[in-house]
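Chemist: The following block contains the structure, expressed as C-alpha cells.
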Amino acid sequence: MTEPTPHGDRQVDATSTAEERELEAALRPKNLDEFVGQPRVRQQLSLVLQASQLRQAPAEHVLLSGPPGLGKTTLAMIIAQEMNAPLRISSGPAIQHAGDLAAILSSLTEGEVLFLDEIHRISRTAEEMLYMAMEDFRVDIIVGKGAGATAIPLELPPFTLVGATTRAGLLQGPLRDRFGFTGHLEFYDVDELVLVLRRSAMMLDLRLSPDAFVEIASRSRGTPRIANRLLRRVRDWALVHQIHTIDVAAAQAALDMYEVDERGLDRLDRAVLEALCLKFGGGPVGLSTLAIAVGEEVETVETVAEPYLVREGLLGRTPRGRVATAAAWEHLGLRAPDDAQQGQRMSTRNVSDQSGANPDQDNPETPLW
Ligand SMILES: Nc1ncnc2c1ncn2[C@@H]1O[C@H](COP(=O)(O)OP(=O)(O)O)[C@@H](O)[C@H]1O
Ligand SMILES: [Mg+2]
C-alpha cells in the first residue's frame with residue numbers, strides 16, 4: 001500500500017505528511033556524530049557548540065537553509081541535544097501576530113533552544129519583535145490601543161534561536177544578519193545516502209545487499225527523506241514477496257513497481273520529458289503548452305517536476321521556452337534529432353546567460369532545485 005505524500009502518491013516528493021513525520025522521528029540521528037554527510041556544516045556547527053560550552057553561554061543563533069528533506073529539523077534537534085537544553089518548536093506560519101511570538105518568547109527558560117521552522121513565513125510585526133529578542137534578549141510588549149498604548153519592556157533569558165528555511169533568499173537582511181552562524185545544506189551524494197540507508201536499515205531490522213543500498217540511494221534525488229521513504233517501499237515489497245535478504249534485483253523490482261526510475265524520476269517527471277521530446281521535438285516549448293500536453297496544472301509542472309529535471313541537467317529553461325537536453329533524450333532511450341542537439345547547445349548557453357529572463361510566466365523567485 002502506498003503512503004500518502006503531499007502530492008498524492010508521489011514517492012519522490014521531498015516534503016512529508018504528518019503521518020510520515022512520525023515514521024521519520026524514529027530514524028532521526030540523535031547527535032552530530034550520527035548525522036551523515038554535510039561535513040562542512042557539521043564541523044562549523046560543532047565548533048559553534050563547543051565554543052558556547054566553553055563560554056558557558058547559550059550558542060549563537062543558527063540559521064539552517066536548504067531544500068526540504070536534507071536534515072534541517074534533525075539538526076535543530078541535535079543542537080538542543082548537544083547543548084543539553086530543552087527545545088521549543090514553532091514555525092513561521094504559526095506566528096501570525098507579534099503576540100503569538102511574545103507568548104513563546106516570554107515563556108522560554110534560560111539556554112532553551114527555540115526552533116522556528118519556515119522562518120521566512122513569519123509575519124512582519126513578529127519579525128520586528130524577533131530582531132530585538134535575538135539581539136538584546138528583550139521585547140517590548142504593547143499594552144492598550146491607539147494613543148493610550150504603552151510599550152512595556154520585558155527582559156528575556158538568553159536563548160538560542162534556530163531558524164530553518166527552504167528560501168534563504170526571501171529572508172530580510174536584518175533578520176539574516178542576526179544569526180551568528182548560517183549552515184547551508186547541500187544535496188547528498190550516493191555514498192552518503194548509502195550511509196543514511198544503512199543506518200535506517202539497521203534500525204528497521206532489514207537486511208540488504210550492498211548493491212541494493214546503492215540502487216535505492218541512486219533513486220533518492222540526493223535527499224535522505226526520499227531515501228528513507230524508498231527504503232520503506234522496498235521493505236513492504238520484500239515483506240509481501242517473503243524475501244529476507246533484499247538484493248539489487250528485489251530493490252529494482254520494488255522501485256520499478258512504484259515507478260521511480262534509476263535516476264529517481266517518477267511518472268510525472270518522465271511524462272514531462274516525453275512530451276517535450278516526442279510532441280515538441282525537444283522544444284523550445286512554453287511551460288503552459290507543456291503542462292496541457294501532460295494534463296497537469298502549470299504550477300505542478302513548474303514546482304513539482306521541473307526543479308529536479310533542471311538540477312539533473314535533463315531540462316533547460318530558455319527565454320523561448322523549455323528544452324530537452326541531450327541527456328534527456330538519452331535517458332528516455334531516444335535518439336536526439338541532429339538539429340535539436342545543435343539547438344540545445346544554444347539553449348544551454350541561454351540558460352546560464354539569461355537565467356530568470358523567461359517570458360513564459362516564469363517566476364524568477366522559483367528556486368532551481
Ligand atoms: N544527515 C542525515 N543523516 C541521517 N538521516 C538524515 C540526515 N538528514 C536527514 N535525515 C533523515 O531524513 C528525514 C528528513 O530530515 P529532516 O531533518 O526532517 O529534513 P528537513 O527538516 O530539512 O526537511 C528524517 O527522517 C531524518 O532522519
Ligand atoms: Mg523540517
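In the C-alpha cells, chains take letters A, B, ... by order of appearance, with residues numbered from 1 within each chain and ligands from 1 in the order shown.
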Show which residues sit within 9 Å of segment 234-238 of chain A, as a VMD selection string. Count only C-alpha atoms, and ignore same-chain residues fewer than 4 positions away.

Modeler: chain A and resid 1 206 216 229 to 230 242 to 246 250 to 255

Chemist: Neighbours of ligand 1 at 7 Å or closer, counting only C-alpha atoms and all ligand atoms: which residues, as an mmCIF file with N, CA and C atoms, in the first residue's frame?

Modeler:
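Below you can see out.cif, which holds the result:
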```cif
data_model
loop_
_atom_site.group_PDB
_atom_site.id
_atom_site.type_symbol
_atom_site.label_atom_id
_atom_site.label_comp_id
_atom_site.auth_asym_id
_atom_site.auth_seq_id
_atom_site.Cartn_x
_atom_site.Cartn_y
_atom_site.Cartn_z
ATOM 1 N N THR A 15 8.904 16.700 0.507
ATOM 2 C CA THR A 15 8.241 17.138 1.738
ATOM 3 C C THR A 15 7.525 15.940 2.373
ATOM 4 N N GLU A 24 9.435 9.218 10.485
ATOM 5 C CA GLU A 24 10.746 9.858 10.368
ATOM 6 C C GLU A 24 11.399 10.075 11.721
ATOM 7 N N ALA A 25 10.577 10.436 12.692
ATOM 8 C CA ALA A 25 11.121 10.767 14.007
ATOM 9 C C ALA A 25 11.950 9.598 14.536
ATOM 10 N N LEU A 27 13.736 7.612 12.921
ATOM 11 C CA LEU A 27 15.002 7.411 12.198
ATOM 12 C C LEU A 27 15.959 8.592 12.329
ATOM 13 N N ARG A 28 15.540 9.618 13.046
ATOM 14 C CA ARG A 28 16.380 10.808 13.143
ATOM 15 C C ARG A 28 17.656 10.546 13.926
ATOM 16 N N PRO A 29 18.801 10.926 13.363
ATOM 17 C CA PRO A 29 20.031 10.847 14.144
ATOM 18 C C PRO A 29 19.906 11.716 15.389
ATOM 19 N N GLU A 34 26.194 10.993 14.583
ATOM 20 C CA GLU A 34 25.320 10.098 13.820
ATOM 21 C C GLU A 34 24.828 10.756 12.540
ATOM 22 N N PHE A 35 24.925 12.069 12.474
ATOM 23 C CA PHE A 35 24.425 12.801 11.323
ATOM 24 C C PHE A 35 25.372 12.589 10.143
ATOM 25 N N VAL A 36 24.840 12.038 9.066
ATOM 26 C CA VAL A 36 25.668 11.652 7.914
ATOM 27 C C VAL A 36 25.882 12.853 6.991
ATOM 28 N N GLY A 37 27.049 12.930 6.368
ATOM 29 C CA GLY A 37 27.283 13.919 5.312
ATOM 30 C C GLY A 37 27.387 15.344 5.821
ATOM 31 N N GLN A 38 27.220 16.304 4.908
ATOM 32 C CA GLN A 38 27.295 17.741 5.235
ATOM 33 C C GLN A 38 28.524 18.031 6.093
ATOM 34 N N GLY A 66 18.188 25.324 3.073
ATOM 35 C CA GLY A 66 18.352 24.276 2.071
ATOM 36 C C GLY A 66 17.030 23.627 1.729
ATOM 37 N N PRO A 67 17.009 22.877 0.640
ATOM 38 C CA PRO A 67 15.796 22.224 0.171
ATOM 39 C C PRO A 67 15.194 21.281 1.210
ATOM 40 N N PRO A 68 13.919 20.927 1.051
ATOM 41 C CA PRO A 68 13.262 20.035 2.009
ATOM 42 C C PRO A 68 13.924 18.655 2.065
ATOM 43 N N GLY A 69 13.885 18.049 3.245
ATOM 44 C CA GLY A 69 14.295 16.651 3.372
ATOM 45 C C GLY A 69 15.774 16.416 3.567
ATOM 46 N N LEU A 70 16.571 17.508 3.754
ATOM 47 C CA LEU A 70 18.023 17.329 3.857
ATOM 48 C C LEU A 70 18.522 17.315 5.294
ATOM 49 N N GLY A 71 17.637 17.559 6.276
ATOM 50 C CA GLY A 71 18.095 17.414 7.657
ATOM 51 C C GLY A 71 18.053 18.663 8.517
ATOM 52 N N LYS A 72 17.281 19.684 8.128
ATOM 53 C CA LYS A 72 17.244 20.913 8.919
ATOM 54 C C LYS A 72 16.602 20.679 10.291
ATOM 55 N N THR A 73 15.433 20.047 10.288
ATOM 56 C CA THR A 73 14.757 19.782 11.568
ATOM 57 C C THR A 73 15.615 18.860 12.433
ATOM 58 N N THR A 74 16.209 17.875 11.800
ATOM 59 C CA THR A 74 17.073 16.943 12.517
ATOM 60 C C THR A 74 18.212 17.697 13.205
ATOM 61 N N LEU A 75 18.844 18.617 12.474
ATOM 62 C CA LEU A 75 19.959 19.367 13.052
ATOM 63 C C LEU A 75 19.498 20.262 14.206
ATOM 64 N N VAL A 196 23.152 6.735 5.111
ATOM 65 C CA VAL A 196 21.850 7.020 5.731
ATOM 66 C C VAL A 196 20.993 5.748 5.707
ATOM 67 N N PRO A 224 17.849 12.521 1.901
ATOM 68 C CA PRO A 224 17.643 11.449 2.892
ATOM 69 C C PRO A 224 16.171 11.113 3.124
ATOM 70 N N ARG A 225 15.308 12.138 3.140
ATOM 71 C CA ARG A 225 13.889 11.835 3.381
ATOM 72 C C ARG A 225 13.362 10.883 2.309
ATOM 73 N N ASN A 228 14.848 7.299 2.783
ATOM 74 C CA ASN A 228 14.170 6.532 3.832
ATOM 75 C C ASN A 228 12.789 6.074 3.380
#
```

Chemist: When you look at Trp329 of chain A with a cut-off of 10 Å (counting only C-alpha atoms), what residues show up, excluding the ones that are within fewer than 4 positions of it in the same chain? I need them as a count of residues only.

Modeler: 15

Chemist: For segment 178-185 of chain A, find every residue with an atom within 9 Å (counting only C-alpha atoms), except residues of its own chain fewer than 4 positions away, and show them as a list in words.

Modeler: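 Neighbouring residues, sequence-local ones excluded: Gln38, Arg40, Val41, Arg42, Gln44, Leu45, Val48, Ala59, Glu60, His61, Val62, Leu63, Leu64, Ser65, Gly66, Pro67, Leu70, Gly71, Lys72, Tyr131, Met134, Glu135, Leu161, Val162, Gly163, Gly173 and Pro174 of chain A.
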
Chemist: Output N, CA and C atoms for every residue in the selection just made, as an mmCIF file, in the first residue's frame.

Modeler:
```cif
data_model
loop_
_atom_site.group_PDB
_atom_site.id
_atom_site.type_symbol
_atom_site.label_atom_id
_atom_site.label_comp_id
_atom_site.auth_asym_id
_atom_site.auth_seq_id
_atom_site.Cartn_x
_atom_site.Cartn_y
_atom_site.Cartn_z
ATOM 1 N N GLN A 38 27.220 16.304 4.908
ATOM 2 C CA GLN A 38 27.295 17.741 5.235
ATOM 3 C C GLN A 38 28.524 18.031 6.093
ATOM 4 N N ARG A 40 30.956 20.084 6.087
ATOM 5 C CA ARG A 40 31.297 21.456 6.452
ATOM 6 C C ARG A 40 30.361 22.005 7.511
ATOM 7 N N VAL A 41 29.069 21.847 7.271
ATOM 8 C CA VAL A 41 28.087 22.348 8.238
ATOM 9 C C VAL A 41 28.302 21.670 9.587
ATOM 10 N N ARG A 42 28.595 20.373 9.528
ATOM 11 C CA ARG A 42 28.765 19.621 10.771
ATOM 12 C C ARG A 42 29.962 20.143 11.568
ATOM 13 N N GLN A 44 31.435 23.127 11.299
ATOM 14 C CA GLN A 44 31.232 24.504 11.758
ATOM 15 C C GLN A 44 30.291 24.533 12.956
ATOM 16 N N LEU A 45 29.243 23.743 12.846
ATOM 17 C CA LEU A 45 28.264 23.710 13.920
ATOM 18 C C LEU A 45 28.883 23.164 15.206
ATOM 19 N N VAL A 48 30.751 25.911 16.842
ATOM 20 C CA VAL A 48 29.844 26.863 17.496
ATOM 21 C C VAL A 48 29.377 26.294 18.834
ATOM 22 N N ALA A 59 24.468 28.987 22.779
ATOM 23 C CA ALA A 59 25.116 29.143 21.472
ATOM 24 C C ALA A 59 24.501 30.325 20.727
ATOM 25 N N GLU A 60 25.275 30.829 19.761
ATOM 26 C CA GLU A 60 24.755 31.889 18.913
ATOM 27 C C GLU A 60 23.556 31.378 18.133
ATOM 28 N N HIS A 61 22.758 32.307 17.607
ATOM 29 C CA HIS A 61 21.604 31.904 16.812
ATOM 30 C C HIS A 61 22.073 31.253 15.511
ATOM 31 N N VAL A 62 21.360 30.204 15.114
ATOM 32 C CA VAL A 62 21.783 29.411 13.948
ATOM 33 C C VAL A 62 20.684 29.416 12.896
ATOM 34 N N LEU A 63 21.066 29.689 11.657
ATOM 35 C CA LEU A 63 20.115 29.592 10.552
ATOM 36 C C LEU A 63 20.493 28.397 9.679
ATOM 37 N N LEU A 64 19.518 27.542 9.403
ATOM 38 C CA LEU A 64 19.771 26.388 8.540
ATOM 39 C C LEU A 64 18.947 26.560 7.275
ATOM 40 N N SER A 65 19.614 26.530 6.127
ATOM 41 C CA SER A 65 18.857 26.712 4.903
ATOM 42 C C SER A 65 19.130 25.575 3.946
ATOM 43 N N GLY A 66 18.188 25.324 3.073
ATOM 44 C CA GLY A 66 18.352 24.276 2.071
ATOM 45 C C GLY A 66 17.030 23.627 1.729
ATOM 46 N N PRO A 67 17.009 22.877 0.640
ATOM 47 C CA PRO A 67 15.796 22.224 0.171
ATOM 48 C C PRO A 67 15.194 21.281 1.210
ATOM 49 N N LEU A 70 16.571 17.508 3.754
ATOM 50 C CA LEU A 70 18.023 17.329 3.857
ATOM 51 C C LEU A 70 18.522 17.315 5.294
ATOM 52 N N GLY A 71 17.637 17.559 6.276
ATOM 53 C CA GLY A 71 18.095 17.414 7.657
ATOM 54 C C GLY A 71 18.053 18.663 8.517
ATOM 55 N N LYS A 72 17.281 19.684 8.128
ATOM 56 C CA LYS A 72 17.244 20.913 8.919
ATOM 57 C C LYS A 72 16.602 20.679 10.291
ATOM 58 N N TYR A 131 13.801 40.663 15.951
ATOM 59 C CA TYR A 131 15.103 41.339 15.854
ATOM 60 C C TYR A 131 15.638 41.686 17.238
ATOM 61 N N MET A 134 16.425 38.683 19.497
ATOM 62 C CA MET A 134 17.659 37.984 19.143
ATOM 63 C C MET A 134 18.882 38.773 19.578
ATOM 64 N N GLU A 135 18.789 40.091 19.420
ATOM 65 C CA GLU A 135 19.967 40.914 19.662
ATOM 66 C C GLU A 135 20.157 41.253 21.132
ATOM 67 N N LEU A 161 18.172 30.836 19.112
ATOM 68 C CA LEU A 161 17.178 30.660 18.060
ATOM 69 C C LEU A 161 17.790 29.810 16.944
ATOM 70 N N VAL A 162 17.093 28.760 16.557
ATOM 71 C CA VAL A 162 17.491 28.013 15.357
ATOM 72 C C VAL A 162 16.387 28.208 14.337
ATOM 73 N N GLY A 163 16.712 28.873 13.247
ATOM 74 C CA GLY A 163 15.721 29.094 12.190
ATOM 75 C C GLY A 163 16.000 28.146 11.045
ATOM 76 N N GLY A 173 17.312 41.123 5.132
ATOM 77 C CA GLY A 173 18.701 41.296 5.551
ATOM 78 C C GLY A 173 18.882 41.396 7.057
ATOM 79 N N PRO A 174 18.111 42.275 7.727
ATOM 80 C CA PRO A 174 18.304 42.451 9.168
ATOM 81 C C PRO A 174 18.109 41.154 9.949
#
```

Chemist: Given only C-alpha atoms and all ligand atoms as the basis, pick out the residue of A:Ser91, A:Thr318, A:Ser288, A:Asn84 nearest to ligand 2.

Modeler: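 Ranked by minimum distance to ligand 2, first place goes to A:Ser91.
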
Chemist: Leaving out Ala271 of chain A and any residue of its chain fewer than 4 positions from it, which residues lie within 7 Å of it when counting only C-alpha atoms, given as a list in words?

Modeler: Arg267, Ala275 and Val294 of chain A

Chemist: Given the choices A:Ala305, A:Val194, A:Ala327, A:Ile141, which gets closest to Glu215 of chain A if the distance is worked out from only C-alpha atoms?

Modeler: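 Closest candidate: A:Val194.
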
Chemist: Show me, as an MDAnalysis selection string, the residues that have an atom within 6 Å of segment 106-118 of chain A when counting only C-alpha atoms, minus same-chain residues fewer than 5 positions from it.

Modeler: chainID A and resid 58 80 85:92 157:165

Chemist: Would you compute the distance between atom CA of Ala18 of chain A and atom CA of Thr300 of chain A? Give it in Å to one decimal.

Modeler: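 It comes out at 21.2 Å.
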
Chemist: For ligand 2, which residue among A:Ser200, A:Thr125, A:Thr166, A:Thr289 is the nearest when counting only C-alpha atoms and all ligand atoms?

Modeler: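 Of all the options, A:Thr166 lies closest to ligand 2.
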
Chemist: From segment 9-83 of chain A, collect each residue whose DSSP state is strand (DSSP E or B) and return the set as number ranges by chain.

Modeler: A: 62-65

Chemist: Go ahead and dump the residues you just picked, C-alpha atoms, as a PDB file, in the first residue's frame.

Modeler:
```
ATOM      1  CA  VAL A  62      21.783  29.411  13.948  1.00  0.00           C
ATOM      2  CA  LEU A  63      20.115  29.592  10.552  1.00  0.00           C
ATOM      3  CA  LEU A  64      19.771  26.388   8.540  1.00  0.00           C
ATOM      4  CA  SER A  65      18.857  26.712   4.903  1.00  0.00           C
TER       5      SER A  65
END
```

Chemist: According to DSSP computed on the backbone, where in segment 110-345 of chain A is there helix (DSSP H, G or I)? Give the residues as a compact mmCIF listing (two decimals) with C-alpha atoms, in the first residue's frame.

Modeler:
```
# COMPACT_ATOMS: atom_id res chain seq x y z
CA ILE A 119 11.08 31.20 9.38
CA HIS A 120 10.72 33.11 6.08
CA ARG A 121 6.94 32.91 6.55
CA ARG A 124 6.33 41.27 9.56
CA THR A 125 5.32 42.55 13.00
CA ALA A 126 6.57 39.37 14.66
CA GLU A 127 9.77 39.61 12.67
CA GLU A 128 10.49 43.04 14.06
CA MET A 129 9.94 41.78 17.57
CA LEU A 130 12.30 38.93 16.82
CA TYR A 131 15.10 41.34 15.85
CA MET A 132 15.19 42.83 19.32
CA ALA A 133 14.74 39.50 21.04
CA MET A 134 17.66 37.98 19.14
CA GLU A 135 19.97 40.91 19.66
CA ASP A 136 19.19 42.20 23.13
CA GLY A 146 -4.22 53.93 19.95
CA ALA A 147 -2.99 56.99 21.83
CA GLY A 148 -3.10 55.18 25.17
CA ALA A 168 17.02 31.84 2.38
CA GLY A 169 16.72 34.43 -0.37
CA LEU A 170 13.36 35.53 1.00
CA GLY A 173 18.70 41.30 5.55
CA PRO A 174 18.30 42.45 9.17
CA LEU A 175 16.99 39.02 10.16
CA ARG A 176 19.73 37.15 8.31
CA ASP A 177 22.38 39.35 9.90
CA VAL A 190 25.06 8.40 -3.42
CA ASP A 191 27.77 7.26 -0.95
CA GLU A 192 26.34 9.45 1.78
CA LEU A 193 22.80 8.26 1.11
CA VAL A 194 24.05 4.68 1.35
CA LEU A 195 25.24 5.50 4.88
CA VAL A 196 21.85 7.02 5.73
CA LEU A 197 20.14 3.90 4.39
CA ARG A 198 22.45 1.50 6.22
CA ARG A 199 21.67 3.19 9.46
CA SER A 200 17.92 3.15 8.78
CA ALA A 201 18.01 -0.50 7.66
CA MET A 202 19.71 -1.41 10.90
CA MET A 203 17.08 0.38 12.92
CA PRO A 210 25.50 -3.63 -0.70
CA ASP A 211 24.36 -3.06 -4.28
CA ALA A 212 20.74 -2.88 -3.15
CA PHE A 213 21.67 0.08 -0.95
CA VAL A 214 23.37 1.75 -3.90
CA GLU A 215 20.33 1.12 -6.07
CA ILE A 216 17.96 2.80 -3.60
CA ALA A 217 20.40 5.65 -2.95
CA SER A 218 20.74 6.37 -6.68
CA PRO A 224 17.64 11.45 2.89
CA ARG A 225 13.89 11.84 3.38
CA ILE A 226 13.25 10.26 -0.03
CA ALA A 227 15.89 7.57 0.60
CA ASN A 228 14.17 6.53 3.83
CA ARG A 229 10.78 6.53 2.13
CA LEU A 230 12.01 4.37 -0.75
CA LEU A 231 13.57 2.02 1.78
CA ARG A 232 10.16 1.58 3.40
CA ARG A 233 8.63 0.84 -0.01
CA VAL A 234 11.29 -1.78 -0.70
CA ARG A 235 10.71 -3.23 2.76
CA ASP A 236 6.96 -3.57 2.03
CA TRP A 237 7.70 -5.24 -1.27
CA ALA A 238 10.12 -7.70 0.32
CA LEU A 239 7.65 -8.48 3.07
CA VAL A 240 4.88 -9.34 0.63
CA VAL A 248 19.63 -5.42 -6.12
CA ALA A 249 17.06 -7.23 -8.25
CA ALA A 250 14.50 -7.02 -5.47
CA ALA A 251 15.21 -3.33 -4.90
CA GLN A 252 14.88 -2.65 -8.62
CA ALA A 253 11.65 -4.62 -8.91
CA ALA A 254 10.13 -2.82 -5.93
CA LEU A 255 11.06 0.65 -7.10
CA ASP A 256 10.05 -0.07 -10.69
CA MET A 257 6.67 -1.03 -9.34
CA ARG A 267 5.80 9.12 -13.73
CA LEU A 268 5.18 12.87 -13.87
CA ASP A 269 8.83 13.73 -14.45
CA ARG A 270 9.03 11.25 -17.30
CA ALA A 271 5.71 12.39 -18.78
CA VAL A 272 7.10 15.93 -18.96
CA LEU A 273 10.31 14.79 -20.64
CA GLU A 274 8.46 12.50 -23.04
CA ALA A 275 6.02 15.23 -24.07
CA LEU A 276 8.91 17.62 -24.55
CA CYS A 277 10.85 15.19 -26.75
CA LEU A 278 8.10 13.33 -28.57
CA LYS A 279 5.44 16.01 -29.02
CA LEU A 287 5.55 25.99 -19.96
CA SER A 288 1.77 26.29 -20.26
CA THR A 289 1.73 24.30 -23.51
CA LEU A 290 3.88 21.64 -21.90
CA ALA A 291 1.53 21.49 -18.89
CA ILE A 292 -1.50 21.00 -21.16
CA ALA A 293 0.33 18.26 -23.03
CA VAL A 294 0.82 16.25 -19.83
CA VAL A 298 1.22 24.77 -14.87
CA GLU A 299 2.17 25.11 -11.21
CA THR A 300 2.53 21.37 -10.75
CA VAL A 301 4.88 21.06 -13.68
CA GLU A 302 6.86 24.10 -12.60
CA THR A 303 7.22 23.36 -8.91
CA VAL A 304 6.95 19.58 -8.72
CA ALA A 305 8.61 18.17 -11.82
CA GLU A 306 10.80 20.87 -13.24
CA PRO A 307 13.24 21.70 -10.43
CA TYR A 308 14.67 18.19 -10.33
CA LEU A 309 14.75 17.87 -14.12
CA VAL A 310 16.71 21.12 -14.30
CA ARG A 311 19.02 20.05 -11.48
CA ALA A 326 20.90 15.61 -24.94
CA ALA A 327 20.87 13.78 -21.57
CA ALA A 328 17.05 13.81 -21.62
CA TRP A 329 16.89 12.07 -24.99
CA GLU A 330 19.43 9.58 -23.79
CA HIS A 331 17.57 8.92 -20.55
CA ASP A 338 20.70 16.30 -35.07
CA ASP A 339 19.33 19.80 -35.35
CA ALA A 340 17.88 19.50 -31.87
CA GLN A 341 21.31 18.86 -30.47
CA GLN A 342 22.50 21.96 -32.22
CA GLY A 343 19.58 23.90 -30.73
CA GLN A 344 20.30 22.54 -27.28
CA ARG A 345 23.86 23.75 -27.28
```

Chemist: Suppose you want the space between atom CA of Pro284 of chain A and atom CA of Gly264 of chain A; what is it in Å?

Modeler: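 Between atom CA of Pro284 of chain A and atom CA of Gly264 of chain A the gap is 24.1 Å.
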
Chemist: Would you work out the distance separating atom CA of Arg138 of chain A from atom CA of Leu154 of chain A, expressed in Å to one decimal?

Modeler: 5.6 Å

Chemist: Which of these, A:Asn31, A:Ser16, A:Ser52, A:Thr150, has the shortest distance to ligand 2 once you count only C-alpha atoms and all ligand atoms?

Modeler: A:Ser16

Chemist: Looking at only C-alpha atoms and all ligand atoms, which of A:Gln11, A:Gln43, A:Thr17, A:Ser209 is the one that sits closest to ligand 2?

Modeler: A:Thr17

Chemist: I need the residue nearest ligand 2 from this list: A:Arg10, A:Arg167, A:Arg219, A:Arg21. Use only C-alpha atoms and all ligand atoms for the distance.

Modeler: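 Using only C-alpha atoms and all ligand atoms, the shortest distance to ligand 2 belongs to A:Arg21.
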
Chemist: I'd like the neighbourhood of Leu49 of chain A as a PyMOL selection string, where a residue qualifies if any of its atoms comes within 8 Å (using only C-alpha atoms), though same-chain residues fewer than 5 positions away should be ignored.

Modeler: chain A and resi 59+79+82-83
